[in-house]
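Asks: Let me begin by handing over the structure; questions about it come next.
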Amino acid sequence: HGQNKSSATMALVQAVAKTFGTYCIADFLSNFIQHPTQKMDYGAFNQLIGREVDQPFWGTRTEHIVGVAACLAVTDHASQKVFSSYLGRELCFAKSPAAFVAHTFFFIAGGVTIYCIGDAALNPLNEGKRTEAALSGTYASNVGACTAWFEPYVAPTLARVAGPAAAGTWFGSSLLPATLAYATVKGVGWTDWGNLGLNDLEMKINGLTTGHRG
């Protein structure tokens with residue numbers, strides 16, 4: 001019994017880790033959809049691509065990529081467990097589309113809200129405005145999450161266009177849906193498109209003077 005429990009725990013850890021990696025890549029790729037011609041601030045990694053470094057981590061795209069992916073990986077699997085328990089079977093979009101769409105909203109809204117509250121509490125750049133940052137982040141999380149209803153439909157749509165084999169791959173079933181969802185959640189929730197939604201360093205390296213979040 002103990003060995004089975006240990007194996008189940010290890011399988012869950014591996015699943016969460018894979019989801020975390022997928023979401024990190026999806027967030028990175030979504031930046032190219034939202035900001036196709038703009039240079040992004042990846043903190044300490046900027047020095048590897050010849051860009052100025054302002055903050056090594058806090059307030060950068062790297063903080064967002066790692067932090068949001070970690071929160072979403074946990075809430076995604078936790079939400080799946082809750083919905084599966086309620087349904088009495090494994091959560092599946094084909095069998096329970098309404099429940100799956102609800103799960104999509106709740107795990108994204110919940111995960112990003114947790115990230116925003118954590119960022120508000122821990123990010124030194126939020127000193128003096130932590131409550132404001134937490135409230136605005138929570139609002140933006142829920143607005144953005146409302147746009148992600150389409151995520152479960154991406155793989156079935158891809159199956160019709162490119163065939164079930166393509167839709168069944170990691171790219172078709174996980175990475176592509178997540179990347180598109182990241183783009184709409186950030187783009188709509190945080191008005192993070194084009195020259196909008198850039199931090200101070202991004203404004204500078206892109207030669208802009210307006211449009212940053214402060």
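Residue numbers start at 1 in each chain; chains themselves are named A, B, ... in the order of the structure tokens; ligands are numbered from 1 in the order shown.
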For Leu122 in chain A, list every protein, DNA or RNA residue within 12 Å, evaluated using only C-alpha atoms, and leave out those in the same chain fewer than 2 positions away; present the list as a list in words.

Replies: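 The residues satisfying every condition are Phe57, Trp58, Gly59, Glu63, Gly67, Tyr115, Cys116, Ile117, Gly118, Asp119, Ala120, Pro124, Leu125, Asn126, Glu127, Gly128, Lys129, Arg130, Thr131, Ala133 and Ala134 of chain A.
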
Asks: As a VMD selection string, please: the residues near His77 in chain A (cut-off 10 Å, only C-alpha atoms, same-chain neighbours under 3 positions excluded).

Replies: chain A and resid 12 15 to 16 19 72 to 74 80 to 83 107

Asks: Keeping C-alpha atoms, export the residues of the selection given above as a PDB file, in the first residue's frame.

Replies:
```
ATOM      1  CA  LEU A  12       1.879  13.452  -9.616  1.00  0.00           C
ATOM      2  CA  ALA A  15       2.999  15.463 -14.052  1.00  0.00           C
ATOM      3  CA  VAL A  16       3.142  18.820 -12.252  1.00  0.00           C
ATOM      4  CA  THR A  19       2.970  21.027 -16.755  1.00  0.00           C
ATOM      5  CA  LEU A  72      -0.768  27.348 -12.664  1.00  0.00           C
ATOM      6  CA  ALA A  73       0.856  23.907 -12.580  1.00  0.00           C
ATOM      7  CA  VAL A  74      -0.379  23.431  -9.011  1.00  0.00           C
ATOM      8  CA  GLN A  80      -8.568  18.476 -12.114  1.00  0.00           C
ATOM      9  CA  LYS A  81      -8.644  16.413  -8.923  1.00  0.00           C
ATOM     10  CA  VAL A  82     -11.595  18.390  -7.510  1.00  0.00           C
ATOM     11  CA  PHE A  83     -13.630  18.175 -10.713  1.00  0.00           C
ATOM     12  CA  PHE A 107      -7.467  27.054 -12.425  1.00  0.00           C
TER      13      PHE A 107
END
```

Asks: List as a PDB file with N, CA and C atoms, in the first residue's frame the protein and nucleic acid residues near range 185-201 of chain A, meaning an atom at most 9 Å away when only C-alpha atoms are counted, but skip any in the same chain fewer than 3 places from it.

Replies:
```
ATOM      1  N   SER A  30       4.270  33.145 -25.965  1.00  0.00           N
ATOM      2  CA  SER A  30       3.150  34.085 -26.094  1.00  0.00           C
ATOM      3  C   SER A  30       3.632  35.527 -26.201  1.00  0.00           C
ATOM      4  N   ASN A  31       4.823  35.801 -25.668  1.00  0.00           N
ATOM      5  CA  ASN A  31       5.368  37.160 -25.788  1.00  0.00           C
ATOM      6  C   ASN A  31       5.584  37.551 -27.248  1.00  0.00           C
ATOM      7  N   ILE A  33       3.680  36.612 -29.675  1.00  0.00           N
ATOM      8  CA  ILE A  33       2.359  36.913 -30.229  1.00  0.00           C
ATOM      9  C   ILE A  33       1.932  38.309 -29.794  1.00  0.00           C
ATOM     10  N   GLN A  34       2.151  38.612 -28.532  1.00  0.00           N
ATOM     11  CA  GLN A  34       1.728  39.901 -27.990  1.00  0.00           C
ATOM     12  C   GLN A  34       2.647  41.047 -28.405  1.00  0.00           C
ATOM     13  N   HIS A  35       3.929  40.757 -28.470  1.00  0.00           N
ATOM     14  CA  HIS A  35       4.920  41.799 -28.758  1.00  0.00           C
ATOM     15  C   HIS A  35       5.863  41.331 -29.874  1.00  0.00           C
ATOM     16  N   PRO A  36       5.340  41.166 -31.084  1.00  0.00           N
ATOM     17  CA  PRO A  36       6.147  40.588 -32.168  1.00  0.00           C
ATOM     18  C   PRO A  36       7.369  41.402 -32.577  1.00  0.00           C
ATOM     19  N   THR A  37       7.327  42.713 -32.391  1.00  0.00           N
ATOM     20  CA  THR A  37       8.458  43.552 -32.826  1.00  0.00           C
ATOM     21  C   THR A  37       9.169  44.223 -31.659  1.00  0.00           C
ATOM     22  N   GLN A  38       8.725  43.956 -30.437  1.00  0.00           N
ATOM     23  CA  GLN A  38       9.313  44.612 -29.273  1.00  0.00           C
ATOM     24  C   GLN A  38      10.363  43.725 -28.598  1.00  0.00           C
ATOM     25  N   MET A  40      11.964  42.306 -25.216  1.00  0.00           N
ATOM     26  CA  MET A  40      11.461  42.013 -23.880  1.00  0.00           C
ATOM     27  C   MET A  40      12.585  42.056 -22.838  1.00  0.00           C
ATOM     28  N   ASP A  41      12.192  42.265 -21.592  1.00  0.00           N
ATOM     29  CA  ASP A  41      13.129  42.295 -20.472  1.00  0.00           C
ATOM     30  C   ASP A  41      13.098  40.946 -19.756  1.00  0.00           C
ATOM     31  N   GLU A  52      20.549  45.384 -21.897  1.00  0.00           N
ATOM     32  CA  GLU A  52      20.801  45.955 -20.584  1.00  0.00           C
ATOM     33  C   GLU A  52      20.029  45.193 -19.510  1.00  0.00           C
ATOM     34  N   VAL A  53      20.629  45.073 -18.326  1.00  0.00           N
ATOM     35  CA  VAL A  53      19.958  44.453 -17.187  1.00  0.00           C
ATOM     36  C   VAL A  53      19.620  45.543 -16.179  1.00  0.00           C
ATOM     37  N   ASP A  54      18.353  45.660 -15.833  1.00  0.00           N
ATOM     38  CA  ASP A  54      17.924  46.596 -14.793  1.00  0.00           C
ATOM     39  C   ASP A  54      17.734  45.805 -13.507  1.00  0.00           C
ATOM     40  N   GLN A  55      16.639  45.069 -13.421  1.00  0.00           N
ATOM     41  CA  GLN A  55      16.387  44.161 -12.301  1.00  0.00           C
ATOM     42  C   GLN A  55      16.716  42.735 -12.751  1.00  0.00           C
ATOM     43  N   GLY A  59      10.000  41.947 -11.443  1.00  0.00           N
ATOM     44  CA  GLY A  59       9.409  42.853 -12.421  1.00  0.00           C
ATOM     45  C   GLY A  59       9.775  42.552 -13.858  1.00  0.00           C
ATOM     46  N   THR A  60      10.412  41.394 -14.088  1.00  0.00           N
ATOM     47  CA  THR A  60      10.835  41.031 -15.444  1.00  0.00           C
ATOM     48  C   THR A  60       9.927  39.939 -16.018  1.00  0.00           C
ATOM     49  N   ILE A 108      -7.005  28.846 -14.025  1.00  0.00           N
ATOM     50  CA  ILE A 108      -6.241  29.995 -14.517  1.00  0.00           C
ATOM     51  C   ILE A 108      -6.454  31.202 -13.612  1.00  0.00           C
ATOM     52  N   GLY A 137      -4.034  43.171  -9.484  1.00  0.00           N
ATOM     53  CA  GLY A 137      -3.641  41.900 -10.083  1.00  0.00           C
ATOM     54  C   GLY A 137      -4.758  40.881 -10.049  1.00  0.00           C
ATOM     55  N   TYR A 139      -7.987  41.556 -10.003  1.00  0.00           N
ATOM     56  CA  TYR A 139      -8.995  41.988 -10.978  1.00  0.00           C
ATOM     57  C   TYR A 139      -8.571  41.597 -12.388  1.00  0.00           C
ATOM     58  N   ALA A 140      -7.312  41.904 -12.736  1.00  0.00           N
ATOM     59  CA  ALA A 140      -6.805  41.583 -14.071  1.00  0.00           C
ATOM     60  C   ALA A 140      -6.802  40.078 -14.313  1.00  0.00           C
ATOM     61  N   SER A 141      -6.514  39.295 -13.270  1.00  0.00           N
ATOM     62  CA  SER A 141      -6.504  37.832 -13.391  1.00  0.00           C
ATOM     63  C   SER A 141      -7.859  37.305 -13.824  1.00  0.00           C
ATOM     64  N   ASN A 142      -8.899  37.806 -13.180  1.00  0.00           N
ATOM     65  CA  ASN A 142     -10.245  37.322 -13.475  1.00  0.00           C
ATOM     66  C   ASN A 142     -10.752  37.811 -14.822  1.00  0.00           C
ATOM     67  N   VAL A 143     -10.405  39.047 -15.187  1.00  0.00           N
ATOM     68  CA  VAL A 143     -10.776  39.550 -16.512  1.00  0.00           C
ATOM     69  C   VAL A 143     -10.091  38.720 -17.591  1.00  0.00           C
ATOM     70  N   GLY A 144      -8.791  38.492 -17.426  1.00  0.00           N
ATOM     71  CA  GLY A 144      -8.042  37.723 -18.411  1.00  0.00           C
ATOM     72  C   GLY A 144      -8.493  36.280 -18.505  1.00  0.00           C
ATOM     73  N   ALA A 145      -8.781  35.669 -17.348  1.00  0.00           N
ATOM     74  CA  ALA A 145      -9.188  34.259 -17.331  1.00  0.00           C
ATOM     75  C   ALA A 145     -10.484  34.037 -18.097  1.00  0.00           C
ATOM     76  N   CYS A 146     -11.332  35.049 -18.143  1.00  0.00           N
ATOM     77  CA  CYS A 146     -12.601  34.924 -18.877  1.00  0.00           C
ATOM     78  C   CYS A 146     -12.375  34.733 -20.374  1.00  0.00           C
ATOM     79  N   THR A 147     -11.200  35.122 -20.864  1.00  0.00           N
ATOM     80  CA  THR A 147     -10.921  34.994 -22.300  1.00  0.00           C
ATOM     81  C   THR A 147     -10.385  33.618 -22.670  1.00  0.00           C
ATOM     82  N   ALA A 148     -10.073  32.790 -21.668  1.00  0.00           N
ATOM     83  CA  ALA A 148      -9.400  31.510 -21.934  1.00  0.00           C
ATOM     84  C   ALA A 148     -10.364  30.349 -22.138  1.00  0.00           C
ATOM     85  N   LEU A 180      -1.677  30.098 -26.666  1.00  0.00           N
ATOM     86  CA  LEU A 180      -2.755  30.991 -27.100  1.00  0.00           C
ATOM     87  C   LEU A 180      -3.518  31.547 -25.896  1.00  0.00           C
ATOM     88  N   ALA A 181      -3.728  30.709 -24.881  1.00  0.00           N
ATOM     89  CA  ALA A 181      -4.432  31.170 -23.678  1.00  0.00           C
ATOM     90  C   ALA A 181      -3.605  32.212 -22.933  1.00  0.00           C
ATOM     91  N   TYR A 182      -2.309  31.980 -22.816  1.00  0.00           N
ATOM     92  CA  TYR A 182      -1.430  32.966 -22.188  1.00  0.00           C
ATOM     93  C   TYR A 182      -1.545  34.310 -22.901  1.00  0.00           C
ATOM     94  N   LYS A 204      12.518  51.717 -22.448  1.00  0.00           N
ATOM     95  CA  LYS A 204      13.806  52.311 -22.805  1.00  0.00           C
ATOM     96  C   LYS A 204      14.454  51.599 -23.984  1.00  0.00           C
ATOM     97  N   ILE A 205      14.530  50.263 -23.932  1.00  0.00           N
ATOM     98  CA  ILE A 205      15.248  49.536 -24.985  1.00  0.00           C
ATOM     99  C   ILE A 205      14.470  49.489 -26.294  1.00  0.00           C
ATOM    100  N   ASN A 206      13.186  49.841 -26.227  1.00  0.00           N
ATOM    101  CA  ASN A 206      12.391  49.921 -27.455  1.00  0.00           C
ATOM    102  C   ASN A 206      12.228  51.356 -27.945  1.00  0.00           C
ATOM    103  N   LEU A 208      10.800  53.976 -26.513  1.00  0.00           N
ATOM    104  CA  LEU A 208       9.467  54.545 -26.282  1.00  0.00           C
ATOM    105  C   LEU A 208       9.459  55.386 -25.009  1.00  0.00           C
ATOM    106  N   THR A 209       8.471  56.257 -24.914  1.00  0.00           N
ATOM    107  CA  THR A 209       8.389  57.104 -23.723  1.00  0.00           C
ATOM    108  C   THR A 209       7.036  57.042 -23.034  1.00  0.00           C
ATOM    109  N   THR A 210       6.042  56.339 -23.646  1.00  0.00           N
ATOM    110  CA  THR A 210       4.725  56.234 -23.015  1.00  0.00           C
ATOM    111  C   THR A 210       4.233  54.794 -23.087  1.00  0.00           C
ATOM    112  N   GLY A 211       3.244  54.487 -22.272  1.00  0.00           N
ATOM    113  CA  GLY A 211       2.589  53.187 -22.372  1.00  0.00           C
ATOM    114  C   GLY A 211       2.955  52.182 -21.312  1.00  0.00           C
ATOM    115  N   HIS A 212       3.917  52.513 -20.399  1.00  0.00           N
ATOM    116  CA  HIS A 212       4.282  51.525 -19.383  1.00  0.00           C
ATOM    117  C   HIS A 212       3.315  51.568 -18.210  1.00  0.00           C
ATOM    118  N   ARG A 213       3.391  50.553 -17.370  1.00  0.00           N
ATOM    119  CA  ARG A 213       2.430  50.412 -16.274  1.00  0.00           C
ATOM    120  C   ARG A 213       2.816  51.212 -15.043  1.00  0.00           C
ATOM    121  N   GLY A 214       3.930  51.864 -15.071  1.00  0.00           N
ATOM    122  CA  GLY A 214       4.340  52.661 -13.919  1.00  0.00           C
ATOM    123  C   GLY A 214       5.425  51.991 -13.111  1.00  0.00           C
TER     124      GLY A 214
END
```

Asks: Would you list the contacts of Phe150 in chain A as a ChimeraX atom specification, taking every protein, DNA or RNA residue within 12 Å and counting only C-alpha atoms, but skipping same-chain residues closer than 3 positions in sequence?

Replies: /A:93,97-98,100-102,104-105,145-147,153-157,176-182,184-185

Asks: Let me see the file: selected residues, N, CA and C atoms, as a PDB file, in the first residue's frame.

Replies:
```
ATOM      1  N   PHE A  93     -12.511  16.573 -21.517  1.00  0.00           N
ATOM      2  CA  PHE A  93     -13.267  17.564 -22.280  1.00  0.00           C
ATOM      3  C   PHE A  93     -14.319  16.911 -23.169  1.00  0.00           C
ATOM      4  N   PRO A  97     -17.643  18.622 -21.408  1.00  0.00           N
ATOM      5  CA  PRO A  97     -17.121  19.900 -21.913  1.00  0.00           C
ATOM      6  C   PRO A  97     -17.397  21.091 -21.002  1.00  0.00           C
ATOM      7  N   ALA A  98     -18.602  21.176 -20.445  1.00  0.00           N
ATOM      8  CA  ALA A  98     -18.937  22.313 -19.581  1.00  0.00           C
ATOM      9  C   ALA A  98     -18.068  22.324 -18.328  1.00  0.00           C
ATOM     10  N   PHE A 100     -15.151  20.994 -18.025  1.00  0.00           N
ATOM     11  CA  PHE A 100     -13.761  21.249 -18.390  1.00  0.00           C
ATOM     12  C   PHE A 100     -13.531  22.738 -18.622  1.00  0.00           C
ATOM     13  N   VAL A 101     -14.480  23.413 -19.253  1.00  0.00           N
ATOM     14  CA  VAL A 101     -14.351  24.860 -19.468  1.00  0.00           C
ATOM     15  C   VAL A 101     -14.361  25.588 -18.120  1.00  0.00           C
ATOM     16  N   ALA A 102     -15.217  25.138 -17.199  1.00  0.00           N
ATOM     17  CA  ALA A 102     -15.254  25.731 -15.857  1.00  0.00           C
ATOM     18  C   ALA A 102     -13.923  25.517 -15.151  1.00  0.00           C
ATOM     19  N   THR A 104     -11.060  25.159 -16.572  1.00  0.00           N
ATOM     20  CA  THR A 104     -10.085  26.029 -17.231  1.00  0.00           C
ATOM     21  C   THR A 104     -10.117  27.424 -16.631  1.00  0.00           C
ATOM     22  N   PHE A 105     -11.315  27.978 -16.452  1.00  0.00           N
ATOM     23  CA  PHE A 105     -11.430  29.315 -15.859  1.00  0.00           C
ATOM     24  C   PHE A 105     -10.909  29.319 -14.429  1.00  0.00           C
ATOM     25  N   ALA A 145      -8.781  35.669 -17.348  1.00  0.00           N
ATOM     26  CA  ALA A 145      -9.188  34.259 -17.331  1.00  0.00           C
ATOM     27  C   ALA A 145     -10.484  34.037 -18.097  1.00  0.00           C
ATOM     28  N   CYS A 146     -11.332  35.049 -18.143  1.00  0.00           N
ATOM     29  CA  CYS A 146     -12.601  34.924 -18.877  1.00  0.00           C
ATOM     30  C   CYS A 146     -12.375  34.733 -20.374  1.00  0.00           C
ATOM     31  N   THR A 147     -11.200  35.122 -20.864  1.00  0.00           N
ATOM     32  CA  THR A 147     -10.921  34.994 -22.300  1.00  0.00           C
ATOM     33  C   THR A 147     -10.385  33.618 -22.670  1.00  0.00           C
ATOM     34  N   TYR A 153     -10.821  23.907 -26.757  1.00  0.00           N
ATOM     35  CA  TYR A 153     -11.271  23.692 -28.131  1.00  0.00           C
ATOM     36  C   TYR A 153     -10.126  23.716 -29.145  1.00  0.00           C
ATOM     37  N   VAL A 154      -8.929  24.132 -28.704  1.00  0.00           N
ATOM     38  CA  VAL A 154      -7.804  24.268 -29.635  1.00  0.00           C
ATOM     39  C   VAL A 154      -7.397  22.923 -30.229  1.00  0.00           C
ATOM     40  N   ALA A 155      -7.192  21.914 -29.388  1.00  0.00           N
ATOM     41  CA  ALA A 155      -6.767  20.600 -29.883  1.00  0.00           C
ATOM     42  C   ALA A 155      -7.807  19.966 -30.813  1.00  0.00           C
ATOM     43  N   PRO A 156      -9.108  19.960 -30.458  1.00  0.00           N
ATOM     44  CA  PRO A 156     -10.107  19.411 -31.384  1.00  0.00           C
ATOM     45  C   PRO A 156     -10.149  20.151 -32.718  1.00  0.00           C
ATOM     46  N   THR A 157      -9.956  21.475 -32.672  1.00  0.00           N
ATOM     47  CA  THR A 157      -9.931  22.259 -33.912  1.00  0.00           C
ATOM     48  C   THR A 157      -8.718  21.897 -34.744  1.00  0.00           C
ATOM     49  N   LEU A 176       0.372  24.400 -27.652  1.00  0.00           N
ATOM     50  CA  LEU A 176      -0.353  25.376 -28.469  1.00  0.00           C
ATOM     51  C   LEU A 176      -1.545  25.974 -27.722  1.00  0.00           C
ATOM     52  N   PRO A 177      -2.409  25.152 -27.111  1.00  0.00           N
ATOM     53  CA  PRO A 177      -3.530  25.730 -26.360  1.00  0.00           C
ATOM     54  C   PRO A 177      -3.066  26.666 -25.245  1.00  0.00           C
ATOM     55  N   ALA A 178      -2.020  26.259 -24.521  1.00  0.00           N
ATOM     56  CA  ALA A 178      -1.524  27.081 -23.413  1.00  0.00           C
ATOM     57  C   ALA A 178      -0.934  28.394 -23.914  1.00  0.00           C
ATOM     58  N   THR A 179      -0.198  28.341 -25.016  1.00  0.00           N
ATOM     59  CA  THR A 179       0.416  29.554 -25.571  1.00  0.00           C
ATOM     60  C   THR A 179      -0.647  30.566 -25.983  1.00  0.00           C
ATOM     61  N   LEU A 180      -1.677  30.098 -26.666  1.00  0.00           N
ATOM     62  CA  LEU A 180      -2.755  30.991 -27.100  1.00  0.00           C
ATOM     63  C   LEU A 180      -3.518  31.547 -25.896  1.00  0.00           C
ATOM     64  N   ALA A 181      -3.728  30.709 -24.881  1.00  0.00           N
ATOM     65  CA  ALA A 181      -4.432  31.170 -23.678  1.00  0.00           C
ATOM     66  C   ALA A 181      -3.605  32.212 -22.933  1.00  0.00           C
ATOM     67  N   TYR A 182      -2.309  31.980 -22.816  1.00  0.00           N
ATOM     68  CA  TYR A 182      -1.430  32.966 -22.188  1.00  0.00           C
ATOM     69  C   TYR A 182      -1.545  34.310 -22.901  1.00  0.00           C
ATOM     70  N   THR A 184      -4.009  35.615 -24.678  1.00  0.00           N
ATOM     71  CA  THR A 184      -5.264  36.346 -24.455  1.00  0.00           C
ATOM     72  C   THR A 184      -5.424  36.766 -23.000  1.00  0.00           C
ATOM     73  N   VAL A 185      -5.027  35.909 -22.072  1.00  0.00           N
ATOM     74  CA  VAL A 185      -5.155  36.252 -20.655  1.00  0.00           C
ATOM     75  C   VAL A 185      -4.295  37.468 -20.323  1.00  0.00           C
TER      76      VAL A 185
END
```

Asks: How far is it from CA of Leu175 in chain A to CA of Ala69 in chain A, in Å with one decimal?

Replies: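 Interatomic distance, CA of Leu175 in chain A to CA of Ala69 in chain A: 12.5 Å.
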
Asks: Neighbours of Tyr42 in chain A within 6 Å (only C-alpha atoms; same-chain residues fewer than 3 positions away dropped), as a ChimeraX atom specification?

Replies: /A:45-46,60-62

Asks: Create the file for the chosen residues now, containing N, CA and C atoms and written as a tab-separated table (two decimals), in the first residue's frame.

Replies:
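File produced: again.tsv:
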```
chain	number	residue	atom	x	y	z
A	45	PHE	N	18.95	37.25	-17.73
A	45	PHE	CA	19.21	36.60	-19.02
A	45	PHE	C	19.46	37.62	-20.14
A	46	ASN	N	19.14	38.89	-19.87
A	46	ASN	CA	19.37	39.92	-20.90
A	46	ASN	C	20.83	39.97	-21.34
A	60	THR	N	10.41	41.39	-14.09
A	60	THR	CA	10.84	41.03	-15.44
A	60	THR	C	9.93	39.94	-16.02
A	61	ARG	N	10.09	39.69	-17.31
A	61	ARG	CA	9.33	38.60	-17.94
A	61	ARG	C	9.72	37.25	-17.34
A	62	THR	N	10.96	37.13	-16.89
A	62	THR	CA	11.42	35.87	-16.30
A	62	THR	C	10.67	35.58	-15.00
```

Asks: Nearest to Gly172 in chain A among A:Pro152, A:Leu135, A:Ala94, A:Ser79, with distances taken over only C-alpha atoms: which residue is it?

Replies: A:Pro152

Asks: Calculate how many Å separate CA of Leu91 in chain A from CA of Thr75 in chain A, rounding to one decimal.

Replies: 14.4 Å

Asks: Got a sec: who's within 12 Å of Ser96 in chain A, counting only C-alpha atoms, leaving out chain neighbours fewer than 6 positions off, as a VMD selection string?

Replies: chain A and resid 83 to 84 86 to 90 102 to 103 152

Asks: Of the candidates A:Ala11, A:Ala44, A:Val161, A:Cys71, which one gets nearest to Cys24 in chain A if we count only C-alpha atoms?

Replies: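 Among the listed residues, A:Cys71 lies closest to Cys24 in chain A.
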
Asks: Taking the DSSP secondary structure from the backbone, can you list the residues of range 29-111 of chain A that are helix (DSSP H, G or I), as a ChimeraX atom specification?

Replies: /A:29-34,43-49,61-87,97-111

Asks: As an exercise, work out the distance from CA of Ala121 in chain A to CA of Arg51 in chain A in Å and give it to one decimal place.

Replies: 28.2 Å
